[in-house]
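Reviewing the structure listed below.
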Amino acid sequence: MRRPCPRPNRAFLCAVLVWGGAALGAETLADAHPPLSDPHLDAPARTASERARIKAVVTPTADFSAPEPFEARPAGAATVAPVPGPHVFDQPSAGIDGEARMTWHLGQALFDKLWVPSPSSTRGSDGLGPLYNARSCRACHLRDGRGHTPDADGAVSMFLRISVPADPGAGMPAIADWIATRPDPVYGGQLQDFAAVGHRAEYRLDVRYDEIAVALSGGDTAYLRKPAYTAADLGYGPLTPGAMLSPRVAPQMIGLGLLEAIPAAQITARADPRDADGDGISGRAAIVWSDQYDRPMLGRFGWKGGEPTLREQAAAAFSGDIGISTWLNPQPWGDCSAAQDDCRTARHGVDADGAELPRDALEAVLHYTRNLGVPARRAPGDPEVLRGKRVFHDTGCTACHTPKHVTARLSGQPAQSFQLIWPFTDLLLHDMGDGLADNRPEGRATGREWKTPPLWGIGLTGQVSGHTQYLHDGRARSLLEAVLWHGGEARTQRDTVVSMPPADRDALIRYLESL
């Protein structure tokens with residue numbers, strides 16, 4: 001059970017041994033928290049010499065005449081070829097082979113698996129729902145790409161999270177700045193738009209858009225979609241007064257194991273909650289309570305960093321999205337509240353070990369998601385791409401979309417161990433302004449804050465997903481629209497893009513498309 005309280009490349013290896021640099025500063029969290037540990041990583045502590053060399057490697061470049069060393073391989077040794085067709089994201093990391101690759105394919109099959117309600121003749125596939133958003137992981141993460149806004153088939157791959165304000169005394173004493181909320185007493189933590197036979201779906205997601213014109217330099221005009229969301233056709237009565245809703249589209253899946261392998265100290269060293277350096281950027285660490293490790297940890301996954309590890313993220317998705325229980329989330333009814341008695345008392349698919357998805361199956365899915373390969377860059381040396389890279393850096397985009405990181409030295413995870421990676425994220429929370437605000441806090445994240453999403457693979461969205469929809473709710477129909485929605489801490493960068501010469505703006509988009 002979730003506790004209400006106190007939940008508060010081998011090529012690079014050569015580079016790191018050769019390149020030098022100044023020593024890193026103290027890797028401590030720049031706010032009220034002590035340094036965070038990484039109990040999920042079997043890794044030795046970095047030496048002072050190693051930290052200094054890594055700092056030199058990840059320092060942003062000032063030379064845009066040619067690609068940087070290893071820039072074409074964003075996942076280090078785990079980088080895969082950018083194959084034609086829509087399945088470019090659905091490849092195992094290049095760093096695994098043999099038995100590990102066989103386990104990857106088993107996890108892939110479980111990721112694709114269609115679950116059915118209980119009771120059924122297929123005991124290994126029952127346990128769906130009774131209330132759910134999807135029947136499989138693949139339904140939301142089609143070809144491991146991005147979800148989409150509602151279409152003729154409904155809101156598959158998108159839903160509304162829901163919570164209500166809670167007494168501040170019900171917060172997380174172990175985590176500073178925690179904003180106390182609780183699930184809706186009837187609808188739980190997210191709204192499900194599908195139900196098994198004999199049950200009522202919770203709602204239908206309705207979205208309406210208003211268009212906003214944005215004048216750009218050079219006489220161009222961009223048009224943004226401003227969404228308004230409604231939980232329509234409520235199946236269990238009105239929402240609780242004060243209920244807060246937040247739309248979420250399924251994110252792409254590539255490179256997650258590498259993001260999990262970045263030491264927390266490397267992330268929190270970049271936190272600047274009081275903007276001490278005066279650059280207008282004040283990233284904060286998402287800190288969440290880990291049920292598995294029984295301690296505060298860095299929140300890495302989810303649009304607001306709500307989960308600390310891939311295992312806990314996967315278990316939460318099985319429970320909330322599909323209604324499938326695991327040893328981490330053992331409730332067989334998933335997100336059904338105590339007020340939904342028919343759901344809680346329905347037949348479920350609990351097996352002999354007390355869960356609908358056995359431990360070894362969860363571990364296989366974890367292995368699959370941890371080892372989805374990141375495709376190699378396309379044409380990083382193209383002159384227009386290099387021009388766009390300079391614009392990206394000069395505009396200040398790297399203040400949040402940190403290009404490079406180095407993963408920890410890991411035992412038993414060769415694809416993630418000690419790699420120079422290029423995800424373009426700092427994994428921190430940032431105030432993105434009123435335009436993107438969902439006005440729903442989540443943990444330490446306010447209603448205006450979002451975790452910086454990685455940009456690797458973003459230029460392949462159309463190829464993989466069949467659409468170009470971006471941001472947490474898919475409102476942006478192009479990369480330019482996504483940039484123009486930036487506000488808050490990124491307002492200066494957004495305004496710079498609006499006013500820059502059109503040729504520079506085109507080059508910036510060309511660079512993003514190459515990632």
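Ordering of the structure tokens sets the chain letters (A, B, ...), residue numbers begin anew at 1 in every chain, and ligands are numbered from 1 in the order given.
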
Q: List every residue of segment 181-364 of chain A that DSSP, applied to the backbone of this structure, assigns to strand (DSSP E or B), and report them as a PyMOL selection string.
A: chain A and resi 181-182+184+188+190+194-195+204-215+221-232+244-249+284+287-290+295-298+301+307

Could you name the residues that touch Ile458 of chain A at 7 Å or less, counting only C-alpha atoms, but leaving out those on the same chain fewer than 3 positions away, as an mmCIF file with all heavy atoms, in the first residue's frame?
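Below is the file part_25.cif, written as the result:
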```
data_model
loop_
_atom_site.group_PDB
_atom_site.id
_atom_site.type_symbol
_atom_site.label_atom_id
_atom_site.label_comp_id
_atom_site.auth_asym_id
_atom_site.auth_seq_id
_atom_site.Cartn_x
_atom_site.Cartn_y
_atom_site.Cartn_z
ATOM 1 N N LEU A 455 14.904 15.120 -24.750
ATOM 2 C CA LEU A 455 14.656 15.446 -26.155
ATOM 3 C C LEU A 455 15.190 14.386 -27.119
ATOM 4 O O LEU A 455 14.878 14.459 -28.325
ATOM 5 C CB LEU A 455 15.287 16.801 -26.501
ATOM 6 C CG LEU A 455 14.738 18.026 -25.765
ATOM 7 C CD1 LEU A 455 15.439 19.284 -26.263
ATOM 8 C CD2 LEU A 455 13.231 18.145 -25.919
ATOM 9 N N THR A 461 9.404 11.489 -33.853
ATOM 10 C CA THR A 461 8.032 11.323 -33.373
ATOM 11 C C THR A 461 7.057 11.001 -34.500
ATOM 12 O O THR A 461 6.238 10.080 -34.394
ATOM 13 C CB THR A 461 7.571 12.592 -32.628
ATOM 14 O OG1 THR A 461 8.423 12.803 -31.499
ATOM 15 C CG2 THR A 461 6.140 12.457 -32.160
ATOM 16 N N GLU A 513 15.030 18.492 -34.771
ATOM 17 C CA GLU A 513 14.595 17.346 -35.580
ATOM 18 C C GLU A 513 15.702 16.321 -35.765
ATOM 19 O O GLU A 513 15.434 15.154 -36.073
ATOM 20 C CB GLU A 513 14.112 17.829 -36.947
ATOM 21 C CG GLU A 513 12.798 18.598 -36.887
ATOM 22 C CD GLU A 513 12.429 19.230 -38.221
ATOM 23 O OE1 GLU A 513 13.320 19.347 -39.103
ATOM 24 O OE2 GLU A 513 11.249 19.613 -38.382
ATOM 25 N N LEU A 515 17.690 15.351 -33.341
ATOM 26 C CA LEU A 515 17.971 14.683 -32.072
ATOM 27 C C LEU A 515 17.303 13.311 -32.003
ATOM 28 O O LEU A 515 16.307 13.057 -32.681
ATOM 29 C CB LEU A 515 17.496 15.548 -30.908
ATOM 30 C CG LEU A 515 18.169 16.921 -30.781
ATOM 31 C CD1 LEU A 515 17.628 17.652 -29.575
ATOM 32 C CD2 LEU A 515 19.688 16.785 -30.686
#
```

Q.
Residues near Leu36 of chain A, anyone? I mean within 7 Å using only C-alpha atoms, not counting same-chain ones fewer than 2 positions away, as a ChimeraX atom specification.
A. /A:34,38,264-265,297-298

Q. Could you work out how far atom CA of Ala346 of chain A lies from atom CA of Leu131 of chain A, giving the answer in Å with one decimal?
A. 10.7 Å

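Relative to atom CA of Ser514 of chain A, atom CA of Gln493 of chain A is found at 20.1 Å.
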
Q: For atom CA of Pro86 of chain A and atom CA of Arg510 of chain A, quote the distance in Å rounded to one decimal.
A: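 About the pair atom CA of Pro86 of chain A and atom CA of Arg510 of chain A: they are 20.3 Å apart.
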
When you look at segment 226-228 of chain A with a cut-off of 9 Å (counting only C-alpha atoms), what residues show up, excluding the ones that are within fewer than 2 positions of it in the same chain? I need them as a PDB file with all heavy atoms, in the first residue's frame.
```
ATOM      1  N   ASP A 206     -13.201  14.976 -22.475  1.00  0.00           N
ATOM      2  CA  ASP A 206     -13.619  15.939 -23.485  1.00  0.00           C
ATOM      3  C   ASP A 206     -12.627  17.096 -23.493  1.00  0.00           C
ATOM      4  O   ASP A 206     -12.266  17.624 -22.437  1.00  0.00           O
ATOM      5  CB  ASP A 206     -15.024  16.468 -23.170  1.00  0.00           C
ATOM      6  CG  ASP A 206     -15.526  17.414 -24.248  1.00  0.00           C
ATOM      7  OD1 ASP A 206     -15.755  16.957 -25.373  1.00  0.00           O
ATOM      8  OD2 ASP A 206     -15.676  18.622 -23.953  1.00  0.00           O
ATOM      9  N   VAL A 207     -12.176  17.464 -24.674  1.00  0.00           N
ATOM     10  CA  VAL A 207     -11.222  18.563 -24.789  1.00  0.00           C
ATOM     11  C   VAL A 207     -11.668  19.505 -25.894  1.00  0.00           C
ATOM     12  O   VAL A 207     -12.112  19.068 -26.961  1.00  0.00           O
ATOM     13  CB  VAL A 207      -9.781  18.045 -25.043  1.00  0.00           C
ATOM     14  CG1 VAL A 207      -9.710  17.168 -26.282  1.00  0.00           C
ATOM     15  CG2 VAL A 207      -8.799  19.200 -25.154  1.00  0.00           C
ATOM     16  N   ARG A 208     -11.581  20.778 -25.597  1.00  0.00           N
ATOM     17  CA  ARG A 208     -11.890  21.822 -26.581  1.00  0.00           C
ATOM     18  C   ARG A 208     -10.676  22.733 -26.697  1.00  0.00           C
ATOM     19  O   ARG A 208      -9.969  22.965 -25.723  1.00  0.00           O
ATOM     20  CB  ARG A 208     -13.107  22.633 -26.131  1.00  0.00           C
ATOM     21  CG  ARG A 208     -14.382  21.829 -26.020  1.00  0.00           C
ATOM     22  CD  ARG A 208     -14.956  21.477 -27.399  1.00  0.00           C
ATOM     23  NE  ARG A 208     -16.258  20.817 -27.279  1.00  0.00           N
ATOM     24  CZ  ARG A 208     -16.427  19.511 -27.207  1.00  0.00           C
ATOM     25  NH1 ARG A 208     -15.366  18.732 -27.220  1.00  0.00           N
ATOM     26  NH2 ARG A 208     -17.628  18.985 -27.125  1.00  0.00           N
ATOM     27  N   TYR A 209     -10.457  23.271 -27.917  1.00  0.00           N
ATOM     28  CA  TYR A 209      -9.287  24.107 -28.146  1.00  0.00           C
ATOM     29  C   TYR A 209      -9.697  25.491 -28.636  1.00  0.00           C
ATOM     30  O   TYR A 209     -10.615  25.638 -29.446  1.00  0.00           O
ATOM     31  CB  TYR A 209      -8.361  23.479 -29.195  1.00  0.00           C
ATOM     32  CG  TYR A 209      -7.739  22.178 -28.784  1.00  0.00           C
ATOM     33  CD1 TYR A 209      -8.254  20.970 -29.243  1.00  0.00           C
ATOM     34  CD2 TYR A 209      -6.639  22.144 -27.941  1.00  0.00           C
ATOM     35  CE1 TYR A 209      -7.682  19.759 -28.877  1.00  0.00           C
ATOM     36  CE2 TYR A 209      -6.057  20.936 -27.564  1.00  0.00           C
ATOM     37  CZ  TYR A 209      -6.587  19.754 -28.035  1.00  0.00           C
ATOM     38  OH  TYR A 209      -6.015  18.562 -27.670  1.00  0.00           O
ATOM     39  N   ASP A 210      -9.007  26.489 -28.127  1.00  0.00           N
ATOM     40  CA  ASP A 210      -9.052  27.836 -28.690  1.00  0.00           C
ATOM     41  C   ASP A 210      -7.706  28.118 -29.333  1.00  0.00           C
ATOM     42  O   ASP A 210      -6.662  27.708 -28.816  1.00  0.00           O
ATOM     43  CB  ASP A 210      -9.319  28.879 -27.605  1.00  0.00           C
ATOM     44  CG  ASP A 210     -10.721  28.804 -27.036  1.00  0.00           C
ATOM     45  OD1 ASP A 210     -11.640  28.442 -27.790  1.00  0.00           O
ATOM     46  OD2 ASP A 210     -10.889  29.082 -25.834  1.00  0.00           O
ATOM     47  N   GLU A 211      -7.722  28.824 -30.457  1.00  0.00           N
ATOM     48  CA  GLU A 211      -6.470  29.133 -31.140  1.00  0.00           C
ATOM     49  C   GLU A 211      -5.959  30.502 -30.710  1.00  0.00           C
ATOM     50  O   GLU A 211      -6.724  31.460 -30.568  1.00  0.00           O
ATOM     51  CB  GLU A 211      -6.653  29.080 -32.660  1.00  0.00           C
ATOM     52  CG  GLU A 211      -6.745  27.671 -33.224  1.00  0.00           C
ATOM     53  CD  GLU A 211      -5.988  27.526 -34.536  1.00  0.00           C
ATOM     54  OE1 GLU A 211      -5.872  28.527 -35.264  1.00  0.00           O
ATOM     55  OE2 GLU A 211      -5.501  26.402 -34.814  1.00  0.00           O
ATOM     56  N   ILE A 212      -4.647  30.544 -30.500  1.00  0.00           N
ATOM     57  CA  ILE A 212      -3.970  31.779 -30.121  1.00  0.00           C
ATOM     58  C   ILE A 212      -2.936  32.089 -31.197  1.00  0.00           C
ATOM     59  O   ILE A 212      -2.090  31.245 -31.514  1.00  0.00           O
ATOM     60  CB  ILE A 212      -3.274  31.634 -28.762  1.00  0.00           C
ATOM     61  CG1 ILE A 212      -4.274  31.247 -27.674  1.00  0.00           C
ATOM     62  CG2 ILE A 212      -2.543  32.918 -28.391  1.00  0.00           C
ATOM     63  CD1 ILE A 212      -3.609  30.911 -26.351  1.00  0.00           C
ATOM     64  N   LEU A 224      -1.255  28.621 -31.762  1.00  0.00           N
ATOM     65  CA  LEU A 224      -1.200  27.654 -30.670  1.00  0.00           C
ATOM     66  C   LEU A 224      -2.605  27.200 -30.301  1.00  0.00           C
ATOM     67  O   LEU A 224      -3.563  27.979 -30.388  1.00  0.00           O
ATOM     68  CB  LEU A 224      -0.528  28.281 -29.441  1.00  0.00           C
ATOM     69  CG  LEU A 224       0.837  28.920 -29.645  1.00  0.00           C
ATOM     70  CD1 LEU A 224       1.378  29.419 -28.302  1.00  0.00           C
ATOM     71  CD2 LEU A 224       1.799  27.941 -30.294  1.00  0.00           C
ATOM     72  N   THR A 230     -12.582  18.658 -19.815  1.00  0.00           N
ATOM     73  CA  THR A 230     -13.772  18.370 -19.034  1.00  0.00           C
ATOM     74  C   THR A 230     -13.870  16.871 -18.800  1.00  0.00           C
ATOM     75  O   THR A 230     -13.659  16.082 -19.732  1.00  0.00           O
ATOM     76  CB  THR A 230     -15.047  18.846 -19.758  1.00  0.00           C
ATOM     77  OG1 THR A 230     -14.944  20.249 -20.028  1.00  0.00           O
ATOM     78  CG2 THR A 230     -16.286  18.578 -18.913  1.00  0.00           C
ATOM     79  N   GLY A 435       0.727  29.475 -18.860  1.00  0.00           N
ATOM     80  CA  GLY A 435       0.227  28.816 -20.062  1.00  0.00           C
ATOM     81  C   GLY A 435       0.221  27.311 -19.975  1.00  0.00           C
ATOM     82  O   GLY A 435      -0.695  26.650 -20.477  1.00  0.00           O
ATOM     83  N   ASP A 473       0.363  17.252 -22.663  1.00  0.00           N
ATOM     84  CA  ASP A 473      -1.003  16.978 -23.089  1.00  0.00           C
ATOM     85  C   ASP A 473      -1.180  17.004 -24.605  1.00  0.00           C
ATOM     86  O   ASP A 473      -2.304  17.023 -25.092  1.00  0.00           O
ATOM     87  CB  ASP A 473      -1.977  17.969 -22.443  1.00  0.00           C
ATOM     88  CG  ASP A 473      -1.627  19.430 -22.740  1.00  0.00           C
ATOM     89  OD1 ASP A 473      -0.647  19.682 -23.463  1.00  0.00           O
ATOM     90  OD2 ASP A 473      -2.348  20.310 -22.230  1.00  0.00           O
ATOM     91  N   ARG A 475      -0.791  19.245 -26.794  1.00  0.00           N
ATOM     92  CA  ARG A 475      -1.392  20.440 -27.393  1.00  0.00           C
ATOM     93  C   ARG A 475      -0.563  21.002 -28.536  1.00  0.00           C
ATOM     94  O   ARG A 475      -1.107  21.612 -29.473  1.00  0.00           O
ATOM     95  CB  ARG A 475      -1.604  21.521 -26.342  1.00  0.00           C
ATOM     96  CG  ARG A 475      -0.302  22.139 -25.836  1.00  0.00           C
ATOM     97  CD  ARG A 475      -0.540  23.249 -24.853  1.00  0.00           C
ATOM     98  NE  ARG A 475      -1.073  22.769 -23.577  1.00  0.00           N
ATOM     99  CZ  ARG A 475      -1.451  23.568 -22.591  1.00  0.00           C
ATOM    100  NH1 ARG A 475      -1.364  24.871 -22.730  1.00  0.00           N
ATOM    101  NH2 ARG A 475      -1.888  23.057 -21.465  1.00  0.00           N
TER     102      ARG A 475
END
```

Q) Smallest atom-to-atom distance to Tyr229 of chain A: which of A:Pro173, A:Phe159, A:Asp294, A:Val288, using only C-alpha atoms? A)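 Distance minimum relative to Tyr229 of chain A lands on A:Phe159.
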
Q | Shell of 10 Å around Phe111 of chain A, only C-alpha atoms, local chain residues under 5 positions omitted, as a PyMOL selection string | A | chain A and resi 105-106+136-139+141+144+361-362+364-366+368-369

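Within 12 Å of Arg295 of chain A, once only C-alpha atoms are used and residues closer than 2 positions along the same chain are dropped, the contacting residues are A:Arg3, A:Cys5, A:Pro6, A:Arg7, A:Pro8, A:Leu36, A:Ser37, A:Asp38, A:Pro39, A:His40, A:Met172, A:Pro173, A:Ala174, A:Ile175, A:Ile287, A:Val288, A:Trp289, A:Ser290, A:Asp291, A:Gln292, A:Tyr293, A:Met297, A:Leu298, A:Gly299, A:Pro308.
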
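Comparing the minimum interatomic distances between Thr402 of chain A and each of A:Gln252, A:Gln313, A:Gln463, A:Thr452, counting only C-alpha atoms, we find that A:Thr452 sits nearest.
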
Q.
My list of candidates is A:Asp394, A:Asp151, A:Glu363, A:Asp506. Which is closest to Asp63 of chain A when distances are computed with only C-alpha atoms?
A. A:Asp394

Q: Could you check which of A:Ala250, A:Val214, A:Ala134, A:Cys140 is closest to Ser319 of chain A, using only C-alpha atoms?
A: A:Ala134

Q: Would you kindly return, as a VMD selection string, each protein, DNA or RNA residue with an atom no farther than 12 Å from any atom of Gly129 of chain A, considering only C-alpha atoms and excluding same-chain residues fewer than 3 positions away?
A: chain A and resid 114 to 119 125 to 126 132 to 136 192 to 202 318 to 325 331 to 336 342 to 349 356

Q: Point out the residue among A:Leu372, A:Ala81, A:Val498, A:Leu234 with the least atom-to-atom distance to Gln108 of chain A, counting only C-alpha atoms.
A: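 Among the listed residues, the smallest separation from Gln108 of chain A belongs to A:Leu372.
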
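In this comparison, which uses only C-alpha atoms, the residue of A:Ala476, A:Leu428, A:Ala78, A:Val406 approaching Val58 of chain A most closely is A:Val406.
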
Q.
Considering only helix (DSSP H, G or I) as DSSP defines it on the backbone, what residues of segment 128-334 of chain A qualify? List them as number ranges by chain.
A. A: 137-140, 142-144, 168-170, 217-219, 256-260, 264-268, 310-322
